[in-house]
Amino acid sequence: GAGVIVPRLRGPGMGTGRLLAAILFVIGIGSWLFHTHANRLTGLMDVLPILAFILVYIFAASRDFLGMRPWLAGVATLAFLPYAAVTVPVFALIPGIGSSAGYAPVPALILAYAAILWRRDPDTARGLAIGAAILVASLTFRSLDIPLCDVTPFGTHFMWHILNAVMLTWMIEVWRRHASRRRR
């Protein structure tokens with residue numbers, strides 16, 4: 001994903017996109033390390049870059065899509081932590097979601113941003129909604145992996161990784177398109 005999006009992030013005003021692409025690259029490395037050498041350290045190397053991507057994207061979306069001042073975008077970004085603390089246990093009540101409940105607040109938040117932007121910036125809102133749909137599909141494959149492991153020889157976990165790479169790359173592209181339109 002990072003290799004696909006980086007060439008699209010050339011020119012002025014693309015620093016945030018390049019930062020997101022760098023984090024996406026680190027997500028790939030962390031995921032590979034965890035899935036080849038699973039331990040506590042590589043587990044952190046797997047999840048911390050994902051959290052970093054989420055937080056940087058919330059800041060960028062709040063600042064760039066919603067027009068918040070940077071300090072207020074920072075507050076919105078920090079608000080993700082209590083939001084996740086409250087909503088993860090609620091999502092965990094959904095039968096079959098399992099450990100994917102830890103990620104479930106993210107598509108809900110993306111859809112909230114899309115709803116806020118729907119009238120003001122329908123192109124960005126549509127892009128966000130597409131990203132949320134890809135993430136829901138990804139989470140579905142992640143949730144089905146263990147129940148289907150006995151049925152399918154490879155499980156479905158690999159689809160979680162493929163769709164996440166597509167989704168994160170797409171989310172950077174949504175930001176890039178918005179930033180490019182604003183510059184014109």
# chains A, B, ... in the order shown; residues from 1 in each chain; ligands from 1
>>> residues_around(residues="region 173-183 of chain A", least_positions_apart="3", cutoff="8 Å", atoms="only C-alpha atoms", output="number ranges by chain")
A: 5, 9, 13-14, 17, 61, 64-65, 124, 127-128, 169-170
>>> write_last_selection(atoms="C-alpha atoms", output="PDB file, in the first residue's frame")
ATOM      1  CA  ILE A   5       0.395   5.784  -2.541  1.00  0.00           C
ATOM      2  CA  LEU A   9       1.873  12.316  -2.638  1.00  0.00           C
ATOM      3  CA  GLY A  13       1.134  20.271   1.140  1.00  0.00           C
ATOM      4  CA  MET A  14       1.447  16.479   1.100  1.00  0.00           C
ATOM      5  CA  GLY A  17      -0.045  12.086   3.472  1.00  0.00           C
ATOM      6  CA  ALA A  61      -9.411  14.596   9.262  1.00  0.00           C
ATOM      7  CA  ASP A  64      -8.376  19.268   7.135  1.00  0.00           C
ATOM      8  CA  PHE A  65     -11.871  17.865   6.548  1.00  0.00           C
ATOM      9  CA  THR A 124     -14.737  13.288   0.841  1.00  0.00           C
ATOM     10  CA  GLY A 127     -14.543   8.343   0.142  1.00  0.00           C
ATOM     11  CA  LEU A 128     -14.740   7.945   3.912  1.00  0.00           C
ATOM     12  CA  THR A 169      -4.091   3.142   1.280  1.00  0.00           C
ATOM     13  CA  TRP A 170      -7.569   4.280   0.243  1.00  0.00           C
TER      14      TRP A 170
END
>>> residues_around(residues="Leu19 (chain A)", least_positions_apart="5", cutoff="10 Å", atoms="only C-alpha atoms", output="list of chain:residue names")
A:Val6, A:Met14, A:Leu24, A:Phe25, A:Phe53, A:Val56, A:Tyr57, A:Ile172
>>> write_last_selection(atoms="C-alpha atoms", output="PDB file, in the first residue's frame")
ATOM      1  CA  VAL A   6       3.793   7.490  -2.089  1.00  0.00           C
ATOM      2  CA  MET A  14       1.447  16.479   1.100  1.00  0.00           C
ATOM      3  CA  LEU A  24       1.458   2.374   6.727  1.00  0.00           C
ATOM      4  CA  PHE A  25       4.888   1.005   5.788  1.00  0.00           C
ATOM      5  CA  PHE A  53      -2.196   5.707  12.013  1.00  0.00           C
ATOM      6  CA  VAL A  56      -2.704  10.835  12.952  1.00  0.00           C
ATOM      7  CA  TYR A  57      -5.671  10.321  10.623  1.00  0.00           C
ATOM      8  CA  ILE A 172      -4.634   8.202   2.477  1.00  0.00           C
TER       9      ILE A 172
END
>>> residues_around(residues="region 144-158 of chain A", least_positions_apart="5", cutoff="10 Å", atoms="only C-alpha atoms", output="list in words")
Gly96, Ile97, Gly98, Ser100, Ser138, Leu139, Leu163 and Asn164 of chain A
>>> closest_residue(among="A:His35, A:Ile58, A:Gly67, A:Ala85", to="Ala112 (chain A)", atoms="only C-alpha atoms")
A:Ile58
>>> select_by_dssp(residues="region 93-138 of chain A", states="helix (DSSP H, G or I)", output="PyMOL selection string")
chain A and resi 98-102+105-117+122-138
>>> closest_residue(among="A:Gly102, A:Leu55, A:Met167, A:Ile116", to="Ala132 (chain A)", atoms="only C-alpha atoms")
A:Met167
>>> atom_distance(atom1="CA of Arg142 (chain A)", atom2="CA of Ser99 (chain A)")
8.7 Å
>>> closest_residue(among="A:Pro89, A:Gly11, A:Pro70, A:Gly28", to="Ile50 (chain A)", atoms="only C-alpha atoms")
A:Gly28
>>> residues_around(residues="Ala76 (chain A)", least_positions_apart="3", cutoff="10 Å", atoms="only C-alpha atoms", output="list of chain:residue names")
A:Leu55, A:Ile58, A:Phe59, A:Ala61, A:Ser62, A:Arg63, A:Met68, A:Pro70, A:Trp71, A:Leu72, A:Ala73, A:Ala79, A:Phe80, A:Leu81
>>> closest_residue(among="A:Leu168, A:Met159, A:Leu93, A:Leu66", to="Ala115 (chain A)", atoms="only C-alpha atoms")
A:Leu66
>>> closest_residue(among="A:Val4, A:Arg18, A:Phe34, A:Ala104", to="Ala84 (chain A)", atoms="only C-alpha atoms")
A:Ala104
